[in-house]
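**Student:** Structure supplied as protein_32.txt; contents: compact mmCIF, C-alpha atoms.
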```txt
# COMPACT_ATOMS: atom_id res chain seq x y z
CA MET A 242 -5.87 -27.28 -57.11
CA THR A 243 -5.23 -24.95 -54.24
CA ALA A 244 -6.68 -21.58 -53.54
CA GLY A 245 -5.50 -19.09 -51.04
CA PHE A 246 -5.44 -15.50 -50.17
CA THR A 247 -3.34 -13.25 -48.03
CA LEU A 248 -4.45 -10.57 -45.67
CA ASN A 249 -2.77 -7.23 -45.83
CA ALA A 250 -1.96 -6.39 -42.23
CA ASN A 251 -1.50 -2.76 -43.10
CA ILE A 252 -5.16 -2.30 -43.98
CA LYS A 253 -6.41 -2.06 -40.43
CA LYS A 254 -5.02 0.87 -38.53
CA PRO A 255 -5.87 1.67 -34.94
CA VAL A 256 -8.34 4.47 -34.40
CA LEU A 257 -6.73 7.47 -32.80
CA THR A 258 -8.49 8.90 -29.79
CA SER A 259 -9.42 12.49 -29.09
CA ALA A 260 -6.02 13.11 -27.48
CA PRO A 261 -4.39 14.45 -30.68
CA VAL A 262 -7.37 16.77 -31.13
CA LYS A 263 -6.89 18.08 -27.62
CA ARG A 264 -3.19 18.57 -28.21
CA ALA A 265 -3.83 20.44 -31.45
CA LEU A 266 -6.39 22.67 -29.73
CA VAL A 267 -3.89 23.70 -27.05
CA GLN A 268 -1.18 24.22 -29.66
CA LYS A 269 -3.52 26.53 -31.52
CA LEU A 270 -4.13 28.54 -28.36
CA ARG A 271 -0.41 28.76 -27.62
CA ALA A 272 0.30 29.87 -31.18
CA SER A 273 -1.54 33.14 -30.62
CA PRO A 274 1.01 35.67 -29.26
CA SER A 275 -1.62 38.15 -28.10
CA LEU A 276 -3.46 35.44 -26.20
CA VAL A 277 -0.30 34.09 -24.56
CA ALA A 278 0.65 37.62 -23.53
CA ALA A 279 -2.79 38.21 -22.00
CA ILE A 280 -2.90 35.16 -19.75
CA ALA A 281 -0.57 35.30 -16.78
CA GLY A 282 -1.68 32.00 -15.30
CA GLY A 283 -1.28 29.77 -18.33
CA ILE A 284 -3.50 27.10 -19.83
CA HIS A 285 -4.76 24.21 -17.72
CA GLU A 286 -6.84 21.11 -18.30
CA GLY A 287 -9.85 20.49 -16.08
CA ILE A 288 -8.91 22.65 -13.13
CA ALA A 289 -6.12 25.08 -12.35
CA PRO A 290 -3.90 24.70 -9.29
CA ARG A 291 -4.85 26.76 -6.27
CA LYS A 292 -2.21 29.51 -6.39
CA VAL A 293 -2.18 30.29 -10.08
CA ARG A 294 -2.20 33.95 -11.11
CA TYR A 295 -5.20 35.39 -12.87
CA PRO A 296 -6.18 35.41 -15.67
CA PHE A 297 -5.84 31.86 -16.89
CA ILE A 298 -7.55 29.44 -19.26
CA VAL A 299 -9.10 26.08 -18.42
CA TYR A 300 -10.17 23.66 -21.13
CA GLN A 301 -11.95 20.34 -20.83
CA LEU A 302 -13.16 17.64 -23.15
CA ILE A 303 -16.93 17.33 -22.81
CA ALA A 304 -17.80 14.60 -25.29
CA ALA A 305 -16.13 12.82 -28.17
CA SER A 306 -18.28 10.56 -30.28
CA TYR A 307 -16.87 8.34 -33.03
CA ASN A 308 -18.73 8.30 -36.31
CA ARG A 309 -17.39 5.37 -38.32
CA GLN A 310 -17.84 5.46 -42.05
CA TRP A 311 -16.40 3.53 -44.96
CA GLY A 312 -12.69 4.09 -45.03
CA GLY A 313 -12.43 6.31 -42.01
CA VAL A 314 -13.70 7.60 -38.72
CA ILE A 315 -14.81 11.07 -37.76
CA ILE A 316 -14.31 12.14 -34.17
CA GLU A 317 -16.82 14.78 -33.16
CA ALA A 318 -15.37 16.33 -30.04
CA THR A 319 -16.77 19.10 -27.88
CA PHE A 320 -14.50 21.18 -25.67
CA ASP A 321 -15.25 23.82 -23.10
CA VAL A 322 -12.68 26.62 -22.98
CA SER A 323 -13.13 29.07 -20.09
CA VAL A 324 -11.28 32.13 -18.91
CA TYR A 325 -10.98 32.94 -15.22
CA ALA A 326 -10.15 36.58 -14.53
CA GLU A 327 -10.47 39.07 -11.72
CA ASN A 328 -12.52 41.51 -13.75
CA PRO A 329 -15.16 40.91 -16.40
CA VAL A 330 -13.48 43.12 -19.00
CA ASP A 331 -10.33 41.01 -18.99
CA ALA A 332 -12.38 37.83 -19.06
CA ASN A 333 -14.41 38.93 -22.06
CA ASN A 334 -11.39 40.29 -23.93
CA ILE A 335 -9.47 37.05 -23.52
CA ASP A 336 -12.54 35.06 -24.46
CA ALA A 337 -12.70 37.08 -27.67
CA LEU A 338 -9.03 36.29 -28.33
CA ILE A 339 -9.76 32.58 -27.84
CA THR A 340 -12.64 32.79 -30.26
CA THR A 341 -10.39 34.50 -32.81
CA ALA A 342 -7.78 31.77 -32.39
CA LEU A 343 -10.13 28.80 -32.54
CA ASP A 344 -13.24 29.71 -34.50
CA GLU A 345 -12.98 28.30 -38.04
CA ALA A 346 -9.36 27.36 -37.34
CA VAL A 347 -7.52 24.52 -39.04
CA LEU A 348 -5.94 22.33 -36.39
CA VAL A 349 -2.70 20.54 -37.13
CA MET A 350 -2.84 16.85 -36.18
CA ASP A 351 -0.78 13.80 -37.01
CA GLU A 352 -2.70 11.23 -39.08
CA GLN A 353 -5.93 13.16 -38.66
CA ASP A 354 -7.45 15.84 -40.83
CA SER A 355 -9.05 18.88 -39.30
CA MET A 356 -12.55 19.20 -40.66
CA LEU A 357 -14.18 21.72 -38.38
CA CYS A 358 -13.35 23.84 -35.36
CA ARG A 359 -16.14 26.16 -34.45
CA ARG A 360 -17.53 27.91 -31.40
CA VAL A 361 -21.02 26.55 -30.92
CA SER A 362 -22.24 28.18 -27.70
CA ASP A 363 -21.36 30.39 -24.76
CA LEU A 364 -21.14 28.93 -21.29
CA PRO A 365 -23.81 30.23 -18.91
CA THR A 366 -21.39 30.84 -16.07
CA GLY A 367 -21.14 33.80 -13.75
CA PRO A 368 -18.92 35.33 -11.08
CA ASP A 369 -17.59 33.19 -8.28
CA ILE A 370 -15.67 33.75 -5.05
CA ASP A 371 -12.31 32.06 -4.85
CA SER A 372 -10.55 30.69 -1.77
CA GLU A 373 -9.02 34.10 -0.97
CA GLY A 374 -12.38 35.84 -1.09
CA LYS A 375 -11.78 37.52 -4.43
CA ARG A 376 -14.54 37.80 -6.99
CA ILE A 377 -13.64 35.77 -10.05
CA TYR A 378 -15.32 35.94 -13.44
CA GLN A 379 -15.65 32.84 -15.58
CA VAL A 380 -16.38 33.43 -19.25
CA GLY A 381 -16.07 30.87 -22.01
CA GLY A 382 -17.61 28.85 -24.73
CA SER A 383 -18.05 25.40 -26.19
CA TYR A 384 -16.13 24.47 -29.31
CA SER A 385 -17.03 21.68 -31.67
CA VAL A 386 -14.05 20.03 -33.32
CA TRP A 387 -14.36 17.41 -36.05
CA ALA A 388 -11.35 15.37 -37.06
CA HIS A 389 -11.20 12.71 -39.75
CA GLN A 390 -8.84 9.75 -39.77
CA THR A 391 -8.43 7.54 -42.78
CA LEU A 392 -8.28 3.87 -41.85
CA MET B 36 -59.28 11.96 -51.93
CA ILE B 37 -56.47 12.41 -49.48
CA ASP B 38 -56.81 14.79 -46.58
CA PHE B 39 -53.29 16.18 -46.61
CA ALA B 40 -53.89 18.39 -43.60
CA ALA B 41 -54.89 15.42 -41.44
CA LEU B 42 -51.99 13.42 -42.80
CA ALA B 43 -49.48 16.16 -42.01
CA GLU B 44 -50.97 16.48 -38.53
CA MET B 45 -50.56 12.75 -37.92
CA VAL B 46 -46.95 12.84 -39.14
CA PHE B 47 -46.19 15.77 -36.87
CA ASP B 48 -47.83 14.10 -33.87
CA ASN B 49 -45.76 10.98 -34.37
CA ALA B 50 -42.60 13.05 -34.72
CA VAL B 51 -43.40 14.85 -31.47
CA SER B 52 -44.00 11.52 -29.78
CA ALA B 53 -40.60 10.30 -30.99
CA LEU B 54 -39.05 13.53 -29.75
CA GLY B 55 -40.46 12.80 -26.29
CA THR B 56 -38.97 9.32 -26.41
CA GLY B 57 -35.66 10.88 -27.39
CA ALA B 58 -35.80 13.16 -24.39
CA LEU B 59 -36.28 10.09 -22.19
CA LEU B 60 -33.22 8.54 -23.81
CA VAL B 61 -31.16 11.61 -22.95
CA GLN B 62 -32.53 11.52 -19.40
CA GLU B 63 -31.54 7.89 -18.91
CA ARG B 64 -28.06 8.44 -20.31
CA ALA B 65 -27.55 11.60 -18.24
CA GLN B 66 -28.63 9.75 -15.11
CA HIS B 67 -26.05 7.11 -15.91
CA LEU B 68 -23.33 9.73 -16.40
CA ALA B 69 -24.29 11.98 -13.47
CA PRO B 70 -21.63 11.95 -10.77
CA VAL B 71 -22.67 10.33 -7.50
CA ARG B 72 -20.51 11.01 -4.51
CA HIS B 73 -18.66 8.18 -2.88
CA ILE B 74 -19.53 8.80 0.73
CA PHE B 75 -18.42 5.65 2.48
CA SER B 76 -14.82 5.41 3.60
CA GLY B 77 -12.68 2.37 2.87
CA ASP B 78 -13.97 -0.61 0.94
CA ARG B 79 -16.38 -1.94 3.52
CA TYR B 80 -19.42 -1.55 1.33
CA THR B 81 -17.95 -2.59 -1.97
CA ILE B 82 -18.28 -6.02 -3.53
CA ARG B 83 -15.28 -7.35 -5.35
CA ARG B 84 -16.18 -9.95 -7.89
CA LYS B 85 -13.69 -12.50 -9.17
CA ARG B 86 -12.31 -12.00 -12.63
CA ALA B 87 -12.68 -14.76 -15.18
CA SER B 88 -8.91 -15.26 -15.14
CA GLU B 89 -9.00 -15.78 -11.37
CA ILE B 90 -11.76 -18.36 -11.65
CA GLU B 91 -9.74 -20.14 -14.34
CA SER B 92 -6.60 -20.09 -12.20
CA ASP B 93 -8.57 -21.47 -9.25
CA ARG B 94 -9.98 -24.30 -11.34
CA LEU B 95 -6.88 -26.54 -10.93
CA ILE B 96 -6.64 -25.96 -7.18
CA ARG B 97 -10.35 -26.70 -6.74
CA ALA B 98 -9.97 -29.89 -8.76
CA GLN B 99 -7.06 -31.00 -6.58
CA LEU B 100 -9.17 -30.35 -3.49
CA GLY B 101 -12.07 -32.28 -4.95
CA LEU B 102 -14.24 -29.19 -5.41
CA SER B 103 -16.28 -28.47 -8.46
CA VAL B 104 -15.95 -25.45 -10.67
CA GLU B 105 -17.49 -22.31 -9.24
CA GLY B 106 -21.07 -21.85 -10.36
CA SER B 107 -21.51 -25.47 -11.50
CA VAL B 108 -24.26 -27.92 -10.55
CA ASP B 109 -22.53 -29.00 -7.35
CA ASN B 110 -22.05 -25.43 -6.34
CA PRO B 111 -25.07 -23.65 -7.77
CA ARG B 112 -25.71 -19.97 -7.66
CA PRO B 113 -28.62 -18.79 -5.52
CA ARG B 114 -31.88 -19.37 -7.25
CA THR B 115 -33.78 -16.43 -8.62
CA VAL B 116 -36.70 -15.63 -6.37
CA ARG B 117 -39.91 -15.31 -8.32
CA THR B 118 -42.94 -13.57 -6.96
CA LYS B 119 -46.34 -15.21 -7.29
CA SER B 120 -47.98 -12.30 -9.04
CA PRO B 121 -46.98 -11.72 -12.66
CA LEU B 122 -45.12 -8.56 -13.53
CA ARG B 123 -47.37 -5.75 -14.51
CA LYS B 124 -46.92 -3.67 -17.59
CA THR B 125 -46.15 -0.17 -16.42
CA GLU B 126 -45.01 3.16 -17.71
CA PRO B 127 -41.24 3.48 -18.34
CA SER B 128 -40.86 5.86 -15.41
CA ASN B 129 -42.65 3.48 -13.06
CA ARG B 130 -39.67 1.20 -12.81
CA TRP B 131 -40.11 0.21 -9.21
CA ALA B 132 -43.63 -1.05 -9.71
CA GLY B 133 -42.58 -2.88 -12.88
CA THR B 134 -39.88 -4.77 -11.03
CA TYR B 135 -41.49 -5.56 -7.74
CA GLY B 136 -45.18 -5.12 -8.33
CA ARG B 137 -45.72 -2.64 -5.54
CA ARG B 138 -44.13 0.29 -3.80
CA PRO B 139 -41.60 -0.47 -1.12
CA PRO B 140 -42.84 -0.26 2.45
CA PRO B 141 -42.13 3.00 4.28
CA LYS B 142 -40.26 1.16 7.00
CA TRP B 143 -37.42 0.52 4.56
CA ARG B 144 -36.96 4.24 4.12
CA GLU B 145 -37.10 4.83 7.85
CA ARG B 146 -34.56 2.10 8.45
CA ARG B 147 -32.22 3.48 5.82
CA MET B 148 -32.36 6.98 7.22
CA ARG B 149 -31.94 5.67 10.75
CA VAL B 150 -28.80 3.84 9.69
CA ALA B 151 -27.45 6.96 7.98
CA GLN B 152 -28.03 9.02 11.12
CA GLN B 153 -26.33 6.32 13.19
CA HIS B 154 -23.32 6.43 10.87
CA LEU B 155 -23.24 10.21 11.25
CA ALA B 156 -23.36 9.96 15.04
CA ASP B 157 -20.52 7.41 14.96
CA TYR B 158 -18.50 9.71 12.72
CA GLN B 159 -19.01 12.70 15.01
CA SER B 160 -18.07 10.75 18.15
CA GLU B 161 -14.97 9.43 16.38
CA MET B 162 -13.92 12.95 15.39
CA ALA B 163 -14.40 14.10 18.99
CA SER B 164 -12.31 11.17 20.12
CA ARG B 165 -9.52 12.08 17.70
CA LYS B 166 -9.57 15.68 18.91
CA ALA B 167 -9.11 14.37 22.44
CA GLY B 168 -5.88 12.72 21.26
CA ASN B 169 -7.05 9.14 20.92
CA PRO B 170 -5.69 7.04 18.05
CA PRO B 171 -7.90 7.17 14.94
CA GLN B 172 -10.40 4.42 14.29
CA PRO B 173 -12.03 3.72 10.92
CA THR B 174 -15.47 5.22 10.27
CA VAL B 175 -18.16 4.12 7.88
CA LEU B 176 -18.78 7.58 6.48
CA ASP B 177 -15.92 9.68 5.20
CA ARG B 178 -15.76 13.44 5.71
CA ARG B 179 -17.74 14.18 2.61
CA GLY B 180 -20.34 11.56 3.44
CA ALA B 181 -20.85 12.99 6.92
CA HIS B 182 -21.45 16.40 5.37
CA GLU B 183 -23.88 14.94 2.87
CA VAL B 184 -25.93 13.21 5.56
CA LYS B 185 -25.78 16.16 7.95
CA SER B 186 -26.89 18.68 5.33
CA LYS B 187 -29.60 16.25 4.16
CA ARG B 188 -28.30 16.48 0.62
CA ALA B 189 -27.79 12.75 0.68
CA SER B 190 -31.44 11.91 1.14
CA SER B 191 -33.09 12.26 -2.21
CA LEU B 192 -36.64 11.08 -2.38
CA ARG B 193 -37.44 8.50 -5.01
CA TRP B 194 -40.59 6.46 -4.82
CA GLY B 195 -41.00 7.54 -1.23
CA HIS B 196 -37.59 6.17 -0.35
CA ALA B 197 -34.57 7.97 0.95
CA TYR B 198 -31.35 7.11 -0.80
CA ILE B 199 -27.87 8.02 0.28
CA GLY B 200 -26.28 9.87 -2.61
CA GLY B 201 -27.65 10.42 -6.09
CA ALA B 202 -29.61 13.63 -5.49
CA LEU B 203 -28.28 15.14 -8.71
CA ARG B 204 -28.98 11.96 -10.63
CA ASP B 205 -32.56 11.90 -9.40
CA SER B 206 -33.12 15.54 -10.28
CA ILE B 207 -32.54 14.89 -13.98
CA LYS B 208 -35.90 14.99 -15.67
CA ALA B 209 -37.20 14.80 -19.23
CA TRP B 210 -40.21 17.01 -19.83
CA ALA B 211 -42.98 16.26 -22.26
CA PRO B 212 -42.51 18.00 -25.63
CA GLU B 213 -44.03 21.44 -25.96
CA VAL B 214 -45.73 22.11 -29.25
CA SER B 215 -46.14 25.59 -30.64
CA GLY B 216 -47.64 25.59 -34.11
CA THR B 217 -45.31 23.57 -36.32
CA TYR B 218 -42.48 23.78 -33.82
CA ALA B 219 -41.85 21.31 -31.03
CA GLU B 220 -39.17 21.19 -28.40
CA ALA B 221 -38.38 18.85 -25.54
CA TRP B 222 -36.27 19.71 -22.52
CA VAL B 223 -34.17 17.64 -20.21
CA THR B 224 -33.33 19.50 -17.03
CA ALA B 225 -31.14 18.83 -14.03
CA GLY B 226 -31.24 20.38 -10.59
CA ASN B 227 -33.91 21.87 -8.39
CA GLN B 228 -34.12 23.92 -5.21
CA ASP B 229 -32.30 21.28 -3.21
CA VAL B 230 -29.83 20.38 -5.94
CA ASP B 231 -28.55 23.85 -6.76
CA TYR B 232 -25.11 22.62 -7.78
CA ALA B 233 -26.20 20.88 -11.00
CA LYS B 234 -24.86 23.75 -13.11
CA TYR B 235 -21.50 23.74 -11.36
CA MET B 236 -21.10 20.01 -11.95
CA GLU B 237 -21.80 20.48 -15.64
CA PHE B 238 -19.61 23.52 -16.27
CA GLY B 239 -17.09 23.44 -13.42
CA THR B 240 -15.96 26.26 -11.13
CA ARG B 241 -12.71 27.78 -9.94
CA HIS B 242 -12.64 25.21 -7.13
CA ALA B 243 -13.88 22.08 -8.85
CA ALA B 244 -13.39 20.58 -12.27
CA ALA B 245 -16.44 20.02 -14.42
CA HIS B 246 -18.13 16.62 -14.45
CA PRO B 247 -20.32 17.05 -17.50
CA TYR B 248 -23.27 14.70 -17.74
CA LEU B 249 -26.03 16.46 -19.74
CA ARG B 250 -24.12 17.43 -22.85
CA PRO B 251 -22.30 14.10 -23.22
CA ALA B 252 -25.67 12.37 -22.87
CA LEU B 253 -27.05 14.47 -25.69
CA ALA B 254 -23.98 13.88 -27.85
CA GLU B 255 -24.19 10.13 -27.37
CA THR B 256 -27.91 9.87 -28.11
CA ARG B 257 -28.14 12.47 -30.86
CA ALA B 258 -28.02 9.99 -33.74
CA GLU B 259 -30.53 7.69 -32.04
CA ILE B 260 -32.99 10.54 -31.52
CA VAL B 261 -32.79 11.69 -35.12
CA SER B 262 -33.22 8.15 -36.42
CA ARG B 263 -36.24 7.60 -34.16
CA ILE B 264 -37.91 10.77 -35.37
CA ALA B 265 -37.17 9.86 -38.97
CA ALA B 266 -38.56 6.35 -38.42
CA ALA B 267 -41.71 7.76 -36.84
CA ILE B 268 -42.27 10.08 -39.78
CA LYS B 269 -41.62 7.31 -42.26
CA GLU B 270 -44.01 4.97 -40.48
CA SER B 271 -46.82 7.49 -40.21
CA SER B 272 -46.53 8.53 -43.84
CA ARG B 273 -46.60 4.86 -44.84
CA THR B 274 -49.76 4.15 -42.85
CA GLY B 275 -51.25 7.34 -44.20
CA GLY B 276 -51.32 5.67 -47.61
CA SER B 277 -49.38 8.35 -49.41
CA HIS B 278 -45.88 9.28 -50.40
CA MET B 279 -44.71 12.66 -49.25
CA ASP B 280 -41.48 14.61 -49.43
CA ILE B 281 -40.94 15.90 -45.93
CA GLU B 282 -38.19 18.14 -44.78
CA ILE B 283 -37.37 17.84 -41.11
CA VAL B 284 -35.12 20.17 -39.19
CA VAL B 285 -33.82 18.78 -35.92
CA ARG B 286 -31.77 21.11 -33.78
CA LEU B 287 -30.14 19.51 -30.76
```
So, in terms of structure tokens, how does the structure I just supplied come out?

**Tutor:**
Amino acid sequence: MTAGFTLNANIKKPVLTSAPVKRALVQKLRASPSLVAAIAGGIHEGIAPRKVRYPFIVYQLIAASYNRQWGGVIIEATFDVSVYAENPVDANNIDALITTALDEAVLVMDEQDSMLCRRVSDLPTGPDIDSEGKRIYQVGGSYSVWAHQTL
Amino acid sequence: MIDFAALAEMVFDNAVSALGTGALLVQERAQHLAPVRHIFSGDRYTIRRKRASEIESDRLIRAQLGLSVEGSVDNPRPRTVRTKSPLRKTEPSNRWAGTYGRRPPPKWRERRMRVAQQHLADYQSEMASRKAGNPPQPTVLDRRGAHEVKSKRASSLRWGHAYIGGALRDSIKAWAPEVSGTYAEAWVTAGNQDVDYAKYMEFGTRHAAAHPYLRPALAETRAEIVSRIAAAIKESSRTGGSHMDIEIVVRL
């Protein structure tokens, strides 16, 4: 008598990283016409190049923890999205547009489901002096994004 | 008769104690994540260890040469030096004393600072030489490192020692939980009068990208903190000899 079993290789899928979440976040920002019209310098990750026009947006991944559960994994990512502008009114207006675009938004991701996208805090940042001596205002907030992937 | 007030007080005290331990966890993780500047130029002060694959590939050549495998009996690693006095049990923050049994002698600090100043003097003379048109020679400190030593930002005091680099890391501190009625909170802070750039490292500026260290530390240890608090409550209610339904609100 023989006994055997086969393993289904399709059961185990690789866990996607936070990169699709990041991509979906930027796509959501770019999908807002009023926001795109308001930022002359574009959207940058981490840091903007030196001679970019104001205002512009900088986003950065702060933390992404993986919460593995039966049948799936939840990525709990935190992003900082900041506006750099030459006057505080512009900075706050664009920050409000970002909040409108992202708060409680449904992000579109391949193979991942958007569970939550919410602004969780403001960034305690203030005015700064750039390399040309101009006063620059940095306003932004932290966004918590949860994405679920079925394994 | 069960004194529920005393029992609740004991549960709360244990939860606060676990909260303090959680703050220490965040502190340790943040210190690990905190950016420390690389201030030495070149690779003079780095140690490159062999990879396992390299040791395996060397095995045949060593055998042909009649040498034993690296780290074997014929070629032992340096023995671990044991001190005569047994290790003392110390507080978690007293790491130096726990490892070595006593504080390091002040002459070590003086020697370290003297060497740093010597490196700075060498760097400055080399820069003057380059300005005079001489061909460049390698320096121990790079430009950033010279600035760090010159501005004394590089010398953070820890256990009476001066270290080169790591001022931000050493400024990260977990404070004991503050209790106000039935509310307790614990803080982990970074930065002080000398390390006034802690905020800019966390949130970034127009000139420099953010290198977050506090918030990732909290995100990574959040589940551990909550489970520790829950375990403390469970344990104290068990030893209290009663079963209680307790609602705990943890905001991180």

**Student:** Figure out the distance between atom CA of Phe238 of chain B and atom CA of Leu68 of chain B, please, to one decimal in Å.

**Tutor:** 14.3 Å

**Student:** How far is it from atom CA of His154 of chain B to atom CA of Leu176 of chain B, in Å with one decimal?

**Tutor:**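 These two atoms are separated by 6.4 Å.
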
**Student:** Select, from B:Ala65, B:Val51, B:Met148, B:Ile96, the residue with the minimum atom-to-atom distance to Pro212 of chain B, counting all atoms listed in the file.

**Tutor:**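 Between B:Ala65, B:Val51, B:Met148, B:Ile96, the residue approaching Pro212 of chain B most closely is B:Val51.
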
**Student:** Between atom CA of Gly381 of chain A and atom CA of Phe320 of chain A, what is the distance, to one decimal in Å?

**Tutor:**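 Result for atom CA of Gly381 of chain A versus atom CA of Phe320 of chain A: 10.5 Å, one decimal.
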
**Student:** Within 12 Å of chain B, which residues of chain A show up when using all atoms listed in the file, listed as a PyMOL selection string?

**Tutor:** chain A and resi 285-293+295-308+316-327+361-383+385

**Student:** Extract, using all atoms listed in the file, all DNA, RNA and protein residues at most 12 Å from segment 344-349 of chain A, discarding same-chain residues fewer than 2 positions from it, and format them as an NGL selection string.

**Tutor:** :A and (261-270 or 272-273 or 322 or 336-342 or 351-362 or 382-389)

**Student:** First collect every listed atom of segment 366-370 of chain A; then fit an axis-aligned box around them, widen it by 4 Å on each side, and give centre and edge lengths in Å to one decimal, as AutoDock Vina command-line options.

**Tutor:**
```
--center_x -18.5 --center_y 33.1 --center_z -10.6 --size_x 13.7 --size_y 12.5 --size_z 19.0
```

**Student:** When you count only C-alpha atoms, which of these residues is closest to Arg271 of chain A: A:Ser259, A:Met350, A:Leu343, A:Ala332?

**Tutor:**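 When distances to Arg271 of chain A are compared using only C-alpha atoms, the smallest one comes from A:Leu343.
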
**Student:** Which polymer residues have any atom within 9 Å of an atom of Gly312 of chain A, counting only C-alpha atoms, with same-chain residues fewer than 4 positions away left out, as a list in words?

**Tutor:**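 Listed by chain and then number, they are Gln390, Thr391 and Leu392 of chain A.
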
**Student:** Which is closest to Gly180 of chain B among B:Ala98, B:Gln62, B:Ser52, B:Val71, if we use all atoms listed in the file?

**Tutor:**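 With all atoms listed in the file as the atom set, the closest residue is B:Val71.
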
**Student:** Looking at B:Gln159, B:Thr224, B:Ser103, B:Ser262, which one is nearest to Ile90 of chain B, with distances taken over all atoms listed in the file?

**Tutor:** B:Ser103

**Student:** Gly57 of chain B: which residues within 9 Å, counting all atoms listed in the file, same-chain residues fewer than 4 positions away excluded, as a ChimeraX atom specification?

**Tutor:** /B:52-53,61-62,221,256-257,259-261,263-264

**Student:** Nearest to Ala265 of chain B: which of B:Glu183, B:Val46, B:Gln153, B:Glu63 is it, counting all atoms listed in the file?

**Tutor:**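 Of B:Glu183, B:Val46, B:Gln153, B:Glu63, the one nearest Ala265 of chain B, counting all atoms listed in the file, is B:Val46.
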
**Student:** Just want the 8 Å neighbourhood of Ala225 of chain B, counted on only C-alpha atoms, with same-chain residues fewer than 5 positions away dropped. Output as an MDAnalysis selection string.

**Tutor:** chainID B and resid 203:204 206:208 233
